[in-house]
Amino acid sequence: MNSQRILWADDEIDLLKPHILFLRNKGYEIVTANNGRDALDIASAEPFDLIILDENMPGLTGLETLALIKQRLPQTPVIMITKSEEENIMDQAVGSKIADYLIKPVNPNQILIAIKKHLHSDRLVSEKAGKDYREEFGQLGALINTADTIGDWYALYDRLVYREMELAAADNAMLELLENQKREADSEFFKWMRRNYSSFLDTEAPDAPLMSPHIIPRKVFPLLDAGDKVFLILIDNFRLDQWRTIKPLLADHFTFDENLYTSILPTATQYARNSIFSGLMPAKIEKMFPDLWVDEDSDEGKNINESPLIATLFERYRRKCRFSYNKINDSAAGEKLLRDFRQLAANDLNVIVFNFIDMLSHARTESKMIRELAATDAAYRSLTESWFRHSSALEIFRSIAAKGYKIVLTTDHGTIRVDNPVKVVGDKNTNTNLRYKLGKNLAYNAKQVFEIKAPAQFGLPSPNVSSSYIFAAPGDFFAYPNNYNHYVQYYNGTFQHGGISMEEMLVPIITLSPK
């Protein structure tokens, strides 16, 4: 039985006894009033879960009563019922943040549906999300066991992220089961990627996936050839679930062509992003443009040459293209871009890099407060949505839509929460990334990692003849034996990138067309 209490105010309340009896039989406690003043007094003296108001009452009208109720009880949902179909009355009611608006005559089931929507939606959504996942659980398990192409993994990851967000939004107890299934999928993906990654680098292979070097030639060039003005927007550390979190904020302004692509290894800025902007694998960048490649042991920033790399790509393809490059590291940079937005119209291509999520990831590692704010993947998504909604980012997207320009939105790699330390030993020149290591004479358990001992065959630079790369499995992070316990405690539960997981490698690429 329901325990919710409902106040129903209507000057013809005696005529509504059949409706009231129907709701009482459904388990609701119904308290009645036949005018607005009495409704206010009763609502002020007793707690109610929901209030139903007739719009046309003598004395205080429904709209006047509504305004006073919202002042005193702003969190209590109000359903307004009226005989009038006048649009201005509807507008006033909706503007007063009513929960629902029904036009007489109403039948008991209409009232019941409106009540369920506002008093039971969380429970009903949770039950539906759990039921849908239970029905799909076996299918997902079968996909995990049979996935044998990158397209299979795209489809599986897409479904897992969808179910994860549905269950998390519904606060469903089955989320833990889904998370376990997702970990199983990630484990199988790691094994599959160890077997198949080398074949991806053969661009002539019929099943070769879209990868980092292909983004501009295959996704941006066709739009430019069609005469479109294009913005290439890259959000660092941007995962599929984060895209789906901000997507509703853009739905009024754009239509979407949504896909996934495969980031190269390492899934780190120096490699993956430079590969996007140059259209080359890292080893070729180092060979062809040694002055633009920054080694792991260099004190220089690893992504300081992105604009020059874009220029080399256009030169190599013999394309004349006027472009701009802007990196947004803080609110001031975003606001400046908005002020100067008119100047961008003269360019064929405008590239914008947002570093907020990358900075959030690092801040979460270093700040106890940020760790608490982003304690779960759902909270991490929520912070992403809050940033996008309240920063200059959303306004930049809206400004682009208003001009009728297209956007290719993507990222260089995703990120994954790590919770399992894996010991590795290296010399002082070994890089510091927690999800991949590059060095000489690395000591590790080969069964736990994906190792590349011939970097050139994988399109990767090799600082020394004996240099090798190792990549961590999903959820793992590399820890040195020295000061091991402190190191593990500090990084456990943080978001990292550089290794192999669906979250890091299978990342969104979306073409947004203005409405």
# chains A, B, ... in the order shown; residues from 1 in each chain; ligands from 1

call {"tool": "closest_atom_pairs", "arguments": {"of": "segment 333-425 of chain A", "to": "segment 192-216 of chain A", "cutoff": "12 Å", "atoms": "only C-alpha atoms", "output": "Markdown table"}}
result
| residue | atom | partner | partner_atom | distance |
| --- | --- | --- | --- | --- |
| A:Leu349 | CA | A:Ile216 | CA | 10.6 |
| A:Val351 | CA | A:Ile216 | CA | 10.8 |
| A:Val408 | CA | A:Ile216 | CA | 9.2 |
| A:Leu409 | CA | A:Ile215 | CA | 10.4 |
| A:Thr410 | CA | A:Ile215 | CA | 9.0 |
| A:Thr411 | CA | A:Ser212 | CA | 9.4 |
| A:Asp412 | CA | A:Ser212 | CA | 7.3 |
| A:His413 | CA | A:Ser212 | CA | 9.2 |

call {"tool": "residues_around", "arguments": {"residues": "Pro463 of chain A", "least_positions_apart": "4", "cutoff": "12 Å", "atoms": "only C-alpha atoms", "output": "ChimeraX atom specification"}}
result
/A:283,286-287,293-298,429-431,438-440,454-456,467-469

call {"tool": "residues_around", "arguments": {"residues": "Leu506 of chain A", "least_positions_apart": "5", "cutoff": "7 Å", "atoms": "only C-alpha atoms", "output": "ChimeraX atom specification"}}
result
/A:154,260-263

call {"tool": "residues_around", "arguments": {"residues": "segment 473-476 of chain A", "least_positions_apart": "4", "cutoff": "10 Å", "atoms": "only C-alpha atoms", "output": "number ranges by chain"}}
result
A: 183-191, 194, 416-423, 434-436, 448-450, 492-497, 499-504

call {"tool": "select_by_dssp", "arguments": {"residues": "segment 293-456 of chain A", "states": "helix (DSSP H, G or I)", "output": "VMD selection string"}}
result
chain A and resid 306 to 316 331 to 339 341 to 344 356 to 366 368 to 373 377 to 390 392 to 403 446 to 448 455 to 456
